[in-house]
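Worksheet: one structure, shown below.
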Amino acid sequence: MVLDAVGSNPITRPTFHTTTLIMTKTVSKNKTITFGCRLNIYESQVMQNLADQAGRQDTIIVNTCAVTAEAERKAVQSIRKLNRTDPEKTIIVTGCAAQINPDKFLALEGVSQVLGNQDKMKLESFMQTDRKIVSDIMQVKETATHMVDIFDDKTRAFIEIQNGCNHRCTFCKIPYGRGNSRSVPLGAIVEQIQHLVEKGVQEVVFTGVDITSYGEDLPHEATLARLIRRVLVNVPALKRLRLSSIDPVEFDDGLFALFGSEKRLLPHVHISLQAGDDMILRRMKRRHLREDVIAFCKRMRSLRPEVVFGCDIIAGFPTETEDMFQNSLDLIETCNISFLHVFPYSARPDTPAARMPQVEKKMIKDRAKRLRDLGVQQIKKLYRTLQNLETEILIEKDHTGRTLHFCPTLPDQKLAPGTIVPVRITGHTDTHLTAEVIST
């Protein structure tokens, strides 16, 4: 029985079927190529296992992204290259771009099948020969979960807790690729994490399209804070829990309280920022303004002084002036945001932003570079502050590690993947920290 945070009230088990997928130590006869978000990374692992279970061989699954036109262009480019270099392989295309425009990908030479975002998570889809299996994503009302045994490095697992989005930002097509927001029931998530920890996973990352909306479609006042409490109480062996991108205005008092008291909830927060100018944020139809972000970061630092922030940010959104862009640069420095994920704006067809006055492409490119340059400075600034810090790193399969703040770290000795070791930070390069292992 799974208990809630105060040790009472059993969690209701999911009413839908939970598929258990076992990834063995044998090398898969299929592979995936993944574009886009952490949710896609999780889904790619599931799909590769589904293809194996379906008896497929020599199949390449291309999991596309529709966040930007560039992401879609790279997927098309990759498919064309695959057809030239591996013409004997079967190519399946799926993901957000394929969900939104399946015929575009079916028309590409070498593509055998296109699967929609809902269909790609079903075993039967990989057992069929229909060239197009794309359901109406807006009719999907629930999200099933899949258990995956991970034997390759036993370090970090991505767990889908939510899918879809109820918001309609003016630049975004993702709701049309993912559908409306729907949550995985609490009990299924707890059960999955228990399973993974038993297999040696040390760190879990909650992923989704809009994870701070978790639970809005579930009964019994389910929230992200309640889910986190349930997981931490019911899986005491879980060493680390990390959140993917969050919306700062949907961060409630329960989540703040957890970050202030629970050290297993890691001090690394990635903000879905997008811009630092109020007019641009309104034109984007975002739910926060500049001062909301400043207040969020200030409150988080009052609870966890060691917290490190990252953000998504768009360069050259329509109507953006130099002063508006400067507000974004200033906000990054004001909030001391360290990790910048920069998106040069690209107009997505049929979105409101595509009909707004556009910024010149040369200027978009220049602003994206200035943001990336600032990002390099911010990371170096962070690395300097961590000098001589005693902390822990989780060793990955390439023998590097990640600090609690998600900083890549090279220890002074090779250690087994999946090991959490105490270290002292001794220096840094432009790309990572260096550290010496502390004897215990």
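Going through the structure tokens in order, the chains are called A, B, and so on, while each chain numbers its residues from 1 and the ligands are numbered from 1 in the order shown.
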Excluding A:Glu396 and its own-chain neighbours fewer than 2 positions away, which residues fall within 9 Å of it when counting only C-alpha atoms? Please give them as number ranges by chain. A: 153-156, 394, 398-402, 415-419
Extract, using only C-alpha atoms, all DNA, RNA and protein residues at most 8 Å from stretch 275-288 of chain A, discarding same-chain residues fewer than 5 positions from it, and format them as a list in words. Arg168, Cys169, Thr170, Phe171, Pro248, Val249, Val293, Ile313, Ile314, Phe317, Thr319, Glu320, Met324, Phe325, Asn327, Ser328, Leu329, Asp330, Leu331, Ile332 and Ala353 of chain A
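If you count only C-alpha atoms and ignore residues fewer than 5 places along the chain from A:Thr32, what sits within 7 Å of it is Ser44, Gln48, Ile60, Ile61 and Val62 of chain A.
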Would you put the residues from that selection into a file with C-alpha atoms, as a PDB file, in the first residue's frame?
ATOM      1  CA  SER A  44      12.159   7.579 -27.003  1.00  0.00           C
ATOM      2  CA  GLN A  48      12.707   1.654 -28.491  1.00  0.00           C
ATOM      3  CA  ILE A  60      15.135   3.835 -36.734  1.00  0.00           C
ATOM      4  CA  ILE A  61      12.586   5.936 -34.846  1.00  0.00           C
ATOM      5  CA  VAL A  62      12.905   9.692 -35.359  1.00  0.00           C
TER       6      VAL A  62
END
From the set A:Cys165, A:Ile159, A:Ile100, A:Ile41, which residue has the shortest atom-to-atom contact distance to A:Val184, counting only C-alpha atoms? A:Ile159
Under the rule that only C-alpha atoms are counted, which of A:Arg304, A:Arg348, A:Lys122, A:Arg299 is the nearest residue to A:Val67?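 Ranking A:Arg304, A:Arg348, A:Lys122, A:Arg299 by distance to A:Val67, first place goes to A:Arg348.
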